[in-house]
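Report on the structure given below.
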Amino acid sequence: MLNLKVDMQNPVQENFLGNGAVYHGYAGMPDKFGRVYNEQQCDIEADRAADMRLKIARTFYGWYAYDFEKQCYDWESERMRVFYRWCERLKKRGIDIAIQAGWNNPGDVLSSSWNGISPFTVEGDWEKSVQNYAEWVSESIHQLVEVRGFTNVKYLIMFTEPQNDAGGTNGHDSVGTYNTWRDCVKAVHERLLKDGRRHLVKIVGPNEGSTTTSAMLRWVGKNADEYVDVYSSHNYLFADCLMPDEIRTGARAVRMQVPGSRANQTVKIKPNTDYELSVYLRFHSENRLNVSGYAVFGAFKSEGEDPTIVSGGEPTNRLNATSVKMLDLSRIDDKFERYTHRFNSGDADTAEIGIFYDGKDKDSFLCVDDFELCEVGGSDNLVENPSFEDDKAWRYVAGCNVSSDAYYDWKTWVKTARGHIPNNKPFWFDEYNVQFDARYTDPRHGSRVCMASIALMNAGCQSSLLWTVFDQQWPDKNTTNADCFVDGDHRCGFMPVLTRSLTPYPGYYAWSLLSRYTGGGEGVKVYEGKGEDNVQFTVTKTPSGDITVVVVSNNYKSRDFYRFWLRFELFA
């Protein structure tokens, strides 16, 4: 029986805005290939967002109003009128809008990114280009909010993943993209103040991602806090999450499922000394008769500034001829067992202690936990962080998923980011998703996304934005690449482009329940649920006293999930 607890006296978020998503204003947008939604399809898409009770839609917003032939702005251009209709649909359905004010930093200002030529660029004059950009942002808010009354346009998200130097700094700044981003945000902030429009929108940024350290967010907190209302960053969990039986101790372990996966750390050792190395391994395979491959663990040479271990496809860098042990994967049990190896250090005083995986079956994986390196006859473990409890000491290469479960990773990423935010300002997790390729048929995709959503809520996020709520055709694009684009059709959402099918993917129904009932808005509070056995939950409470409980199981196997106690711990 599960015992799930929540403290209803101490909310982790007192102004939860709700669960949002990336949902671009492309419906009905002109397309040179003729792929344009009709009005019925535009309404179907918007109605489905409304049925989810989507709270915030983050959309790309380009310089749709600029006429390059006449070299002036036309705020009644065809593309602007299409965008206005999209804003109107969302306003009628109670969905707020976060405008993505350009995409690439600094390329959209310098006309050097994949968005092509922009109307802001003054060749050789960065400051004037930035001022032109800020003028466009301010006038856009004027046209959208003040002239046409789209008061649901409430947020400005300043570029996407601006730390990536998209478009290049073009020699502008030796410091790089952090400063170019600050230049733009400062200019927008000051122009909105000058024009009397700063109160109409909140500036959200830096939208750093996909990173684990939030280095740019930390820099913004120290160098640009006066321009930012809401901090944001993001990450993804593309690998499958670990299950409880894939972890032997602690909160984390390593799963290896790609040939060439490896984990290693540098350890100081004594020359001419006998050592015993042990590690706990568990190998999962649906059909061991078809398994081909091996795992190698032991001591390797410590070379270079970022040493790694090699044991397949090229000459190995083992410490000496007897310092490693090779295991046939088909002989490794499906439950954790301890494997040991003795070796002599020879003339080495440092070594890379680690494991190399070379399994050929894509549906199989190796779980690794509890390393121990001791002198023979001794008891001191020389391996730092032997159970992977944090990211110190270890280096990982290829296909290594290091976590206890998805819930742990999502919360850890938020904790890292929020630790850098000054003045108690709110934080958004502005993109997230898991395993795009699984969403077409796997019903567990929905539960994995919901697990992420409640982890972000329990971590204190004011909002989170799923990437993306629907598959969408990007106007005038025919890109096909590994980033989920197929002929310009960006396939990251819960339903296909409506010209392909009207039937949503399985995850649509799971996440719709969460989005629909967790609420969001002024004064909505979130209370962190304390789950167990890979079952987690969160609680929201509206100012009127309505309470919603969302419980998600991330277990692979069926169980009597419905039989649990939910105990509200109310403290006097």
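In the structure tokens, chains take the letters A, B, ... in the order shown, each chain's residues start at 1, and ligands count up from 1 in the order shown.
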Do you know which residues are at most 12 Å from Ile309 in chain A counting only C-alpha atoms, after dropping those on the same chain fewer than 3 positions away, and could you put them as number ranges by chain?
A: 260-266, 296-304, 306, 312-319, 324, 351-357, 394-398
From the DSSP assignment of the backbone, select every residue of range 132-223 of chain A that is alpha helix (DSSP H), and format the answer as a ChimeraX atom specification.
/A:132-141,177-194,215-223
I want to know what sits within 8 Å of Val185 in chain A, based on only C-alpha atoms, with residues of the same chain fewer than 4 positions away left out; could you give that as a PyMOL selection string?
chain A and resi 158+181+189+227
Would you write out those residues with all heavy atoms, as a PDB file, in the first residue's frame?
```pdb
ATOM      1  N   MET A 158      12.731  36.378 -24.520  1.00  0.00           N
ATOM      2  CA  MET A 158      13.816  37.019 -25.253  1.00  0.00           C
ATOM      3  C   MET A 158      14.743  35.989 -25.886  1.00  0.00           C
ATOM      4  O   MET A 158      15.695  35.508 -25.278  1.00  0.00           O
ATOM      5  CB  MET A 158      14.588  37.941 -24.316  1.00  0.00           C
ATOM      6  CG  MET A 158      13.702  38.989 -23.622  1.00  0.00           C
ATOM      7  SD  MET A 158      12.748  40.006 -24.797  1.00  0.00           S
ATOM      8  CE  MET A 158      14.057  40.864 -25.638  1.00  0.00           C
ATOM      9  N   TRP A 181      22.947  39.436 -25.681  1.00  0.00           N
ATOM     10  CA  TRP A 181      21.590  39.223 -25.147  1.00  0.00           C
ATOM     11  C   TRP A 181      21.220  40.362 -24.202  1.00  0.00           C
ATOM     12  O   TRP A 181      20.123  40.922 -24.292  1.00  0.00           O
ATOM     13  CB  TRP A 181      21.520  37.876 -24.430  1.00  0.00           C
ATOM     14  CG  TRP A 181      20.159  37.542 -23.910  1.00  0.00           C
ATOM     15  CD1 TRP A 181      19.156  36.900 -24.578  1.00  0.00           C
ATOM     16  CD2 TRP A 181      19.640  37.834 -22.609  1.00  0.00           C
ATOM     17  NE1 TRP A 181      18.042  36.770 -23.788  1.00  0.00           N
ATOM     18  CE2 TRP A 181      18.312  37.340 -22.566  1.00  0.00           C
ATOM     19  CE3 TRP A 181      20.144  38.453 -21.477  1.00  0.00           C
ATOM     20  CZ2 TRP A 181      17.502  37.451 -21.439  1.00  0.00           C
ATOM     21  CZ3 TRP A 181      19.340  38.579 -20.356  1.00  0.00           C
ATOM     22  CH2 TRP A 181      18.040  38.075 -20.344  1.00  0.00           C
ATOM     23  N   HIS A 189      13.697  46.826 -22.653  1.00  0.00           N
ATOM     24  CA  HIS A 189      13.215  47.334 -21.365  1.00  0.00           C
ATOM     25  C   HIS A 189      13.131  48.865 -21.394  1.00  0.00           C
ATOM     26  O   HIS A 189      12.092  49.452 -21.022  1.00  0.00           O
ATOM     27  CB  HIS A 189      14.161  46.864 -20.262  1.00  0.00           C
ATOM     28  CG  HIS A 189      13.987  47.553 -18.949  1.00  0.00           C
ATOM     29  ND1 HIS A 189      13.006  47.208 -18.047  1.00  0.00           N
ATOM     30  CD2 HIS A 189      14.692  48.577 -18.376  1.00  0.00           C
ATOM     31  CE1 HIS A 189      13.102  47.983 -16.976  1.00  0.00           C
ATOM     32  NE2 HIS A 189      14.109  48.825 -17.153  1.00  0.00           N
ATOM     33  N   TYR A 227      16.401  44.074 -15.702  1.00  0.00           N
ATOM     34  CA  TYR A 227      15.607  44.057 -16.923  1.00  0.00           C
ATOM     35  C   TYR A 227      14.656  42.857 -17.002  1.00  0.00           C
ATOM     36  O   TYR A 227      13.815  42.805 -17.892  1.00  0.00           O
ATOM     37  CB  TYR A 227      16.516  44.030 -18.154  1.00  0.00           C
ATOM     38  CG  TYR A 227      17.665  45.009 -18.075  1.00  0.00           C
ATOM     39  CD1 TYR A 227      18.978  44.587 -18.227  1.00  0.00           C
ATOM     40  CD2 TYR A 227      17.435  46.362 -17.833  1.00  0.00           C
ATOM     41  CE1 TYR A 227      20.033  45.482 -18.146  1.00  0.00           C
ATOM     42  CE2 TYR A 227      18.481  47.260 -17.742  1.00  0.00           C
ATOM     43  CZ  TYR A 227      19.780  46.810 -17.889  1.00  0.00           C
ATOM     44  OH  TYR A 227      20.813  47.699 -17.792  1.00  0.00           O
TER      45      TYR A 227
END
```
Of the listed residues A:Asp380, A:Asp546, A:Asp437, A:Glu532, that which approaches Tyr408 in chain A most closely, counting only C-alpha atoms
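Under the stated criterion, the closest residue is A:Glu532.
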Would you mind telling me which residue in A:Met457, A:Cys450, A:Leu54, A:Met326 lies nearest to Trp511 in chain A when using only C-alpha atoms?
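Of A:Met457, A:Cys450, A:Leu54, A:Met326, the one nearest Trp511 in chain A is A:Cys450, counting only C-alpha atoms.
Proximity ranking of A:Val230, A:Val549, A:Val535, A:Val383 relative to Ile421 in chain A places A:Val230 first, based on only C-alpha atoms.
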Would you please extract all strand (DSSP E) residues from range 159-312 of chain A, as assigned by DSSP on the backbone, and give them as a ChimeraX atom specification?
/A:202-208,230-233,253-256,262-268,274-284,293-300
Tell me which protein, DNA and RNA residues are within 12 Å of Pro506 in chain A, counting only C-alpha atoms, leaving out same-chain ones fewer than 5 positions away, and put them as number ranges by chain.
A: 438-449, 493-496, 511-512
For Leu466 in chain A, which of A:Tyr23, A:Phe33, A:Tyr64, A:Trp410 is the closest residue, counting only C-alpha atoms?
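Closest residue, counting only C-alpha atoms: A:Tyr23.
The space separating CA of Leu4 in chain A from CA of Gly460 in chain A comes to 18.8 Å.
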Neighbouring residues of Pro106 in chain A were defined as those with any atom within 10 Å, considering only C-alpha atoms; residues of the same chain fewer than 5 positions away were excluded. Please report them as a short mmCIF file (atom, residue, chain, number, x, y, z; two decimals) with all heavy atoms, in the first residue's frame.
```
data_model
loop_
_atom_site.label_atom_id
_atom_site.label_comp_id
_atom_site.auth_asym_id
_atom_site.auth_seq_id
_atom_site.Cartn_x
_atom_site.Cartn_y
_atom_site.Cartn_z
N SER A 111 21.09 39.83 -38.92
CA SER A 111 20.71 39.22 -40.21
C SER A 111 21.67 38.10 -40.60
O SER A 111 21.96 37.89 -41.77
CB SER A 111 20.65 40.27 -41.33
OG SER A 111 19.63 41.20 -41.09
N SER A 112 22.15 37.34 -39.62
CA SER A 112 23.15 36.30 -39.89
C SER A 112 22.70 34.92 -39.42
O SER A 112 23.52 34.01 -39.30
CB SER A 112 24.47 36.66 -39.20
OG SER A 112 24.27 36.88 -37.81
N SER A 113 21.39 34.74 -39.16
CA SER A 113 20.89 33.46 -38.68
C SER A 113 20.01 32.81 -39.74
O SER A 113 19.78 33.35 -40.82
CB SER A 113 20.09 33.65 -37.39
OG SER A 113 18.84 34.24 -37.69
N TRP A 126 26.23 47.97 -34.40
CA TRP A 126 25.49 47.08 -33.50
C TRP A 126 24.49 47.86 -32.66
O TRP A 126 23.33 47.45 -32.50
CB TRP A 126 26.46 46.31 -32.61
CG TRP A 126 25.81 45.60 -31.46
CD1 TRP A 126 25.85 45.95 -30.15
CD2 TRP A 126 25.02 44.41 -31.53
NE1 TRP A 126 25.13 45.06 -29.39
CE2 TRP A 126 24.60 44.10 -30.21
CE3 TRP A 126 24.59 43.58 -32.57
CZ2 TRP A 126 23.81 43.00 -29.90
CZ3 TRP A 126 23.79 42.48 -32.27
CH2 TRP A 126 23.42 42.19 -30.96
N VAL A 130 20.46 47.23 -32.53
CA VAL A 130 19.76 46.85 -31.30
C VAL A 130 18.60 47.81 -31.03
O VAL A 130 17.51 47.38 -30.63
CB VAL A 130 20.74 46.82 -30.11
CG1 VAL A 130 19.98 46.66 -28.79
CG2 VAL A 130 21.73 45.66 -30.28
N PHE A 159 14.41 35.64 -27.13
CA PHE A 159 15.19 34.70 -27.94
C PHE A 159 15.05 33.26 -27.40
O PHE A 159 14.43 33.02 -26.37
CB PHE A 159 16.66 35.10 -28.03
CG PHE A 159 16.87 36.48 -28.56
CD1 PHE A 159 17.18 37.55 -27.71
CD2 PHE A 159 16.75 36.74 -29.92
CE1 PHE A 159 17.38 38.82 -28.20
CE2 PHE A 159 16.95 38.03 -30.41
CZ PHE A 159 17.26 39.07 -29.56
N PRO A 162 19.72 31.47 -26.05
CA PRO A 162 20.62 32.54 -26.53
C PRO A 162 22.09 32.29 -26.24
O PRO A 162 22.94 32.97 -26.81
CB PRO A 162 20.11 33.77 -25.77
CG PRO A 162 19.49 33.23 -24.53
CD PRO A 162 18.86 31.94 -24.94
N GLN A 163 22.40 31.32 -25.38
CA GLN A 163 23.81 31.04 -25.09
C GLN A 163 24.51 30.35 -26.26
O GLN A 163 25.74 30.21 -26.26
CB GLN A 163 23.92 30.18 -23.83
CG GLN A 163 23.76 28.67 -24.03
CD GLN A 163 22.33 28.22 -24.26
OE1 GLN A 163 21.40 29.01 -24.14
NE2 GLN A 163 22.14 26.95 -24.57
N ASN A 164 23.74 29.92 -27.27
CA ASN A 164 24.32 29.15 -28.37
C ASN A 164 24.98 30.00 -29.44
O ASN A 164 25.48 29.45 -30.43
CB ASN A 164 23.24 28.28 -29.01
CG ASN A 164 22.87 27.10 -28.14
OD1 ASN A 164 23.67 26.67 -27.32
ND2 ASN A 164 21.66 26.60 -28.31
N ASP A 165 24.97 31.31 -29.33
CA ASP A 165 25.62 32.20 -30.28
C ASP A 165 25.08 31.99 -31.70
O ASP A 165 25.83 31.89 -32.67
CB ASP A 165 27.15 31.96 -30.26
CG ASP A 165 27.91 33.02 -31.06
OD1 ASP A 165 27.44 34.16 -31.10
OD2 ASP A 165 28.96 32.69 -31.63
N ALA A 166 23.75 31.89 -31.82
CA ALA A 166 23.14 31.65 -33.12
C ALA A 166 23.29 32.87 -34.01
O ALA A 166 22.74 33.93 -33.74
CB ALA A 166 21.66 31.31 -32.95
N GLY A 167 24.02 32.73 -35.09
CA GLY A 167 24.25 33.84 -35.99
C GLY A 167 25.58 34.53 -35.76
O GLY A 167 25.99 35.35 -36.58
N GLY A 168 26.24 34.24 -34.66
CA GLY A 168 27.58 34.79 -34.43
C GLY A 168 27.58 36.21 -33.94
O GLY A 168 26.73 37.02 -34.28
N THR A 169 28.55 36.53 -33.10
CA THR A 169 28.65 37.89 -32.56
C THR A 169 29.28 38.85 -33.57
O THR A 169 29.31 40.05 -33.35
CB THR A 169 29.48 37.91 -31.27
OG1 THR A 169 30.77 37.31 -31.55
CG2 THR A 169 28.80 37.12 -30.18
N ASN A 170 29.80 38.29 -34.66
CA ASN A 170 30.28 39.13 -35.77
C ASN A 170 31.34 40.14 -35.31
O ASN A 170 31.41 41.27 -35.77
CB ASN A 170 29.09 39.88 -36.40
CG ASN A 170 29.39 40.28 -37.84
OD1 ASN A 170 30.18 39.64 -38.52
ND2 ASN A 170 28.73 41.34 -38.30
N HIS A 172 31.43 41.67 -32.59
CA HIS A 172 30.90 42.77 -31.77
C HIS A 172 31.50 42.78 -30.38
O HIS A 172 31.83 43.84 -29.85
CB HIS A 172 29.38 42.64 -31.67
CG HIS A 172 28.80 43.37 -30.49
ND1 HIS A 172 28.83 44.74 -30.38
CD2 HIS A 172 28.21 42.92 -29.36
CE1 HIS A 172 28.26 45.10 -29.24
NE2 HIS A 172 27.89 44.01 -28.60
N GLY A 176 31.16 37.70 -25.91
CA GLY A 176 30.28 36.76 -26.59
C GLY A 176 28.82 37.05 -26.37
O GLY A 176 28.40 38.18 -26.13
N THR A 177 28.03 35.99 -26.41
CA THR A 177 26.58 36.13 -26.55
C THR A 177 25.87 36.60 -25.29
O THR A 177 24.76 37.12 -25.40
CB THR A 177 25.98 34.79 -26.98
OG1 THR A 177 26.36 33.79 -26.04
CG2 THR A 177 26.47 34.39 -28.34
N TYR A 178 26.43 36.40 -24.12
CA TYR A 178 25.76 36.90 -22.92
C TYR A 178 25.55 38.41 -23.03
O TYR A 178 24.48 38.93 -22.72
CB TYR A 178 26.58 36.60 -21.67
CG TYR A 178 26.66 35.14 -21.26
CD1 TYR A 178 26.21 34.13 -22.11
CD2 TYR A 178 27.20 34.78 -20.03
CE1 TYR A 178 26.30 32.80 -21.73
CE2 TYR A 178 27.29 33.46 -19.64
CZ TYR A 178 26.85 32.47 -20.49
OH TYR A 178 26.94 31.15 -20.11
N ASN A 179 26.58 39.12 -23.46
CA ASN A 179 26.48 40.57 -23.56
C ASN A 179 25.55 41.01 -24.68
O ASN A 179 24.85 42.02 -24.55
CB ASN A 179 27.86 41.19 -23.75
CG ASN A 179 28.60 41.36 -22.43
OD1 ASN A 179 28.06 41.11 -21.37
ND2 ASN A 179 29.85 41.75 -22.51
N THR A 180 25.56 40.30 -25.82
CA THR A 180 24.64 40.68 -26.89
C THR A 180 23.21 40.50 -26.44
O THR A 180 22.33 41.31 -26.78
CB THR A 180 24.90 39.87 -28.17
OG1 THR A 180 24.70 38.48 -27.92
CG2 THR A 180 26.31 40.09 -28.67
N TRP A 181 22.95 39.44 -25.68
CA TRP A 181 21.59 39.22 -25.15
C TRP A 181 21.22 40.36 -24.20
O TRP A 181 20.12 40.92 -24.29
CB TRP A 181 21.52 37.88 -24.43
CG TRP A 181 20.16 37.54 -23.91
CD1 TRP A 181 19.16 36.90 -24.58
CD2 TRP A 181 19.64 37.83 -22.61
NE1 TRP A 181 18.04 36.77 -23.79
CE2 TRP A 181 18.31 37.34 -22.57
CE3 TRP A 181 20.14 38.45 -21.48
CZ2 TRP A 181 17.50 37.45 -21.44
CZ3 TRP A 181 19.34 38.58 -20.36
CH2 TRP A 181 18.04 38.08 -20.34
N ASP A 183 22.39 43.39 -24.12
CA ASP A 183 22.18 44.61 -24.90
C ASP A 183 20.75 44.69 -25.42
O ASP A 183 20.10 45.74 -25.35
CB ASP A 183 23.15 44.65 -26.08
CG ASP A 183 24.59 44.92 -25.65
OD1 ASP A 183 24.81 45.28 -24.49
OD2 ASP A 183 25.49 44.74 -26.51
N CYS A 184 20.26 43.57 -25.96
CA CYS A 184 18.91 43.56 -26.54
C CYS A 184 17.83 43.70 -25.48
O CYS A 184 16.87 44.46 -25.64
CB CYS A 184 18.70 42.27 -27.34
SG CYS A 184 19.72 42.13 -28.81
#
```
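Between CA of Thr160 in chain A and CA of Asn105 in chain A lies a distance of 7.6 Å.
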Show me, as a count of residues only, the residues that have an atom within 10 Å of Asn344 in chain A when counting only C-alpha atoms, minus same-chain residues fewer than 2 positions from it.
19
May I have the residues within 12 Å of Asn152 in chain A as number ranges by chain, using only C-alpha atoms and disregarding those fewer than 3 positions away in the same chain?
A: 55-58, 84, 86-99, 141, 144-146, 148-149, 155-156, 200-202
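Of the listed residues (A:Gly359, A:Pro475, A:Gly221, A:Pro543), A:Pro475 comes nearest to Gly28 in chain A; the distances count only C-alpha atoms.
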Counting only C-alpha atoms, figure out which residue out of A:Arg35, A:His142, A:Arg53, A:Lys194 gets nearest to Trp75 in chain A.
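Going through A:Arg35, A:His142, A:Arg53, A:Lys194 one by one, the smallest distance to Trp75 in chain A is for A:His142.
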From CA of Asp349 in chain A to CA of Ile269 in chain A the spacing works out at 4.9 Å
